[in-house]
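Participant: Input: one structure, supplied below.
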Amino acid sequence: MLKPILSITILMILFAACASRGPYVPKSEAPSIEDTYHAVLLDKSLKKRIAIDHIGCQKTLNDRLEVFANIRNRKKGDIQVQVQTIFKDMNGFSIGEDSAWHTIFLTSNETETYRIVSRSQTAKDYTIRIREVR
Amino acid sequence: MKQTSNTAICSSLLLLFCIACQSTGSHKAGIPSARIAPEQRTPEEGTGISSADLLEVTDKISRVILDVPEIEQAVNPPTIGVSKVINDTRFRIDTGLFTQRILNLLLDRGDRKVRYVAREHIAAVERERELKDQGLVTSSGNSPMAGIDFFLTGKLQGLSQSGSQGQSDYVLYTFQLIDASSGVELRRGWAEIKKYGLEDAIYR
C-alpha cells in the first residue's frame, strides 16, 4: 500500500518542480550593440559579404537628421540586402519613426550610398540595420 | 494481489491526470491564422504589388514631400488634399492605400508640418455648420472652410512579361505634390520595383 502513495508523492513533487514560477528577470546587456554602433548586421552571413566604408549624419536646414552610409559588396557576384534606419532621441530610444526596409541591389564589389532623412526634428541619433532579404 | 490492483488503479489515474494536463485545447479543426509583419513576404504574393512594396514606397515618398521648401519652411502648416492616384498597371488594387499611408506618416510622424483637409467628410461638415448657424446646436463660432494648398496625387505604371520560364512585373510608382493655386508640380517622388517569379498575384 505504501508504494503507490510514495510514487504518487514523487510524481506530484515532479509536477510541482516543472510548474513555471514567473515573472522572470530579462537579460540586460547595456550598452547593446545597436546602442554602441551606428550600423549593425542582423545576419551573421553578411559579415563577410557586406562592408560599410563610410557612415555619417548631418542636420538639414530644418533640423531634421540626414543619415548616409556607403554600403559595399565585398564579394564577386550580385547580392541583395535590406536596409532600415531607426531614428532615436538623445536617450537612445526609438522615436517611433523606423524607416521601411529598403532593398538594395549590389553587383560585384559595388558600393552604393544609402541616404535617408528623418521626418521628425526629434531625431538625434540613429542606427542603420542591414539584413538578408526576407 | 490487492496491492497489485491498487498500484494499477493509481497508475491509471495518474496516466489520465497526465493526459488531462497535456491537453491545451489544440483541436485539429484547421490551421490557425498567424500574424506576420507587413513587410514579410508570403508565398502567394507572386510578382504583384505587395504590402512590403507599399511600405517601402510610401516611406520614401513621405520623406520626399517633407523636403519641399513650401512645407519645410512654412510658418503655418499648409493644407493638403488628395487627388485620385491613377493605376495603369495590370494589378487591381486600391491606390488609396498609398495616399492614405503617406498621409498617416506625414500627419502622425512628421511633426505636423502639414494639415489634411478631409474633403471626404465635407457633407457632414456642411450639415454641422448649418445646424450651428440655425442655433440648433452650440457653437464656438464658425471659421472659414479650409482650402487646399497642395494636392497629393500619383500614378502607377507597369511593364509585364511572361514566358514558359516564368513572368516578371516592373512597377513604376510616381507621386506628385501639386500647388492647388497654380497647378505647378512642386515635388516628384518615385520608386521602381521589379519582380520575377513563377506565380501570378491574385487580388481579392
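Residue numbers start at 1 in each chain; chains themselves are named A, B, ... in the order of the C-alpha cells; ligands are numbered from 1 in the order shown.
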Taking only C-alpha atoms into account, find every residue of chain A that has an atom no more than 7 Å from chain B, and write it out as a list in words.

Facilitator: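 For chain A, the answer reads Met1, Pro4, Asn62, Glu97, Ser99, Ala100, Trp101, His102, Val117, Arg119, Ser120 and Arg134 of chain A.
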
Participant: Compile the contact shell of Phe151 in chain B as a list in words: residues with an atom at most 10 Å away, counting only C-alpha atoms, same-chain residues fewer than 2 positions apart removed.

Facilitator: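 The residues satisfying every condition are Thr79, Ile80, Gly81, Val82, Ser83, Lys84, Ile148, Asp149, Thr153, Gly154, Gln176, Leu177, Ile178, Asp179, Ala180, Ser181, Gly183, Glu185 and Leu186 of chain B.
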
Participant: Got a sec to tell me which of range 6-194 of chain B DSSP assigns to alpha helix (DSSP H), as a PyMOL selection string?

Facilitator: chain B and resi 6-22+51-65+69-72+96-109+122-133

Participant: Would you pick out the contacts of Thr174 in chain B at 10 Å or less, using only C-alpha atoms, so that residues sharing its chain but fewer than 6 positions from it are not included, and give the list as a list in words?

Facilitator: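 The filter keeps Val57, Ile61, Val85, Ile86, Thr153, Gly154, Lys155, Leu156, Gln157, Arg188, Gly189, Trp190, Ala191 and Glu192 of chain B.
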
Participant: At a cut-off of 10 Å, using only C-alpha atoms, what residues contact Asn109 in chain A? Leave out same-chain residues fewer than 2 positions from it and give the result as JSON, numbers by chain.

Facilitator: {"A": [49, 50, 51, 72, 73, 74, 75, 76, 77, 78, 79, 106, 107, 111, 112]}

Participant: Just to be explicit: take each residue in the selection above, keep C-alpha atoms, and write the result as a compact mmCIF listing (two decimals), in the first residue's frame.

Facilitator:
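What landed in part-v8.txt:
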```txt
# COMPACT_ATOMS: atom_id res chain seq x y z
CA ARG A 49 29.79 39.92 -47.70
CA ILE A 50 28.93 43.47 -46.70
CA ALA A 51 31.13 46.40 -45.68
CA ARG A 72 29.80 47.82 -50.33
CA ASN A 73 29.52 44.33 -51.72
CA ARG A 74 32.78 42.63 -50.69
CA LYS A 75 32.30 39.61 -52.92
CA LYS A 76 32.11 38.73 -56.58
CA GLY A 77 28.53 38.15 -57.58
CA ASP A 78 25.35 40.11 -57.02
CA ILE A 79 23.80 40.49 -53.62
CA LEU A 106 24.74 45.43 -55.25
CA THR A 107 26.68 43.92 -58.11
CA THR A 111 29.32 50.46 -53.44
CA GLU A 112 26.02 52.27 -53.07
```

Participant: From the list B:Thr99, B:Met145, B:Phe91, B:Thr47, which residue is nearest Ser162 in chain B when using only C-alpha atoms?

Facilitator: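 That would be B:Thr47, the residue with the smallest distance to Ser162 in chain B.
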
Participant: Per DSSP on the backbone, filter range 56-161 of chain B down to the residues in strand (DSSP E) and report them as a PyMOL selection string.

Facilitator: chain B and resi 79-82+86-88+115-116+150-161

Participant: Next, write the just-selected residues to a file, as a PDB file, in the first residue's frame, keeping C-alpha atoms as the atom set.

Facilitator:
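What ended up in again-v3.pdb:
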```
ATOM      1  CA  THR B  79      -3.131  72.182 -46.056  1.00  0.00           C
ATOM      2  CA  ILE B  80      -3.003  69.086 -48.183  1.00  0.00           C
ATOM      3  CA  GLY B  81      -5.679  67.201 -50.086  1.00  0.00           C
ATOM      4  CA  VAL B  82      -5.711  64.014 -52.079  1.00  0.00           C
ATOM      5  CA  ILE B  86      -4.110  56.616 -61.417  1.00  0.00           C
ATOM      6  CA  ASN B  87      -3.448  52.906 -61.681  1.00  0.00           C
ATOM      7  CA  ASP B  88      -2.179  51.886 -65.111  1.00  0.00           C
ATOM      8  CA  ARG B 115      -2.718  69.659 -42.182  1.00  0.00           C
ATOM      9  CA  TYR B 116      -5.128  67.435 -44.018  1.00  0.00           C
ATOM     10  CA  PHE B 150      -1.311  71.226 -52.181  1.00  0.00           C
ATOM     11  CA  PHE B 151      -2.713  68.152 -53.853  1.00  0.00           C
ATOM     12  CA  LEU B 152      -1.062  64.799 -53.356  1.00  0.00           C
ATOM     13  CA  THR B 153      -1.532  62.537 -56.332  1.00  0.00           C
ATOM     14  CA  GLY B 154       0.301  59.897 -58.275  1.00  0.00           C
ATOM     15  CA  LYS B 155       0.423  57.269 -60.953  1.00  0.00           C
ATOM     16  CA  LEU B 156       1.277  53.593 -61.012  1.00  0.00           C
ATOM     17  CA  GLN B 157       2.525  52.174 -64.284  1.00  0.00           C
ATOM     18  CA  GLY B 158       3.595  48.645 -65.090  1.00  0.00           C
ATOM     19  CA  LEU B 159       5.531  46.596 -67.581  1.00  0.00           C
ATOM     20  CA  SER B 160       4.731  42.901 -67.547  1.00  0.00           C
ATOM     21  CA  GLN B 161       6.258  39.973 -69.371  1.00  0.00           C
TER      22      GLN B 161
END
```

Participant: If you measure from CA of Arg90 in chain B to CA of Ser168 in chain B, what distance in Å do you get, rounded to one decimal?

Facilitator: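 Interatomic distance here is 12.1 Å.
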
Participant: Separation of CA of Arg204 in chain B and CA of Ile102 in chain B, in Å?

Facilitator: 22.8 Å

Participant: Tell me which protein, DNA and RNA residues are within 7 Å of range 22-37 of chain A, counting only C-alpha atoms, leaving out same-chain ones fewer than 3 positions away, and put them as JSON, numbers by chain.

Facilitator: {"A": [40, 92, 127]}

Participant: Output the selection as an mmCIF file, in the first residue's frame - C-alpha atoms for each residue.

Facilitator:
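Once everything was written out, this is selection27.cif:
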```
data_model
loop_
_atom_site.group_PDB
_atom_site.id
_atom_site.type_symbol
_atom_site.label_atom_id
_atom_site.label_comp_id
_atom_site.auth_asym_id
_atom_site.auth_seq_id
_atom_site.Cartn_x
_atom_site.Cartn_y
_atom_site.Cartn_z
ATOM 1 C CA VAL A 40 24.692 46.675 -37.463
ATOM 2 C CA GLY A 92 18.837 56.246 -27.395
ATOM 3 C CA THR A 127 21.121 53.027 -36.150
#
```
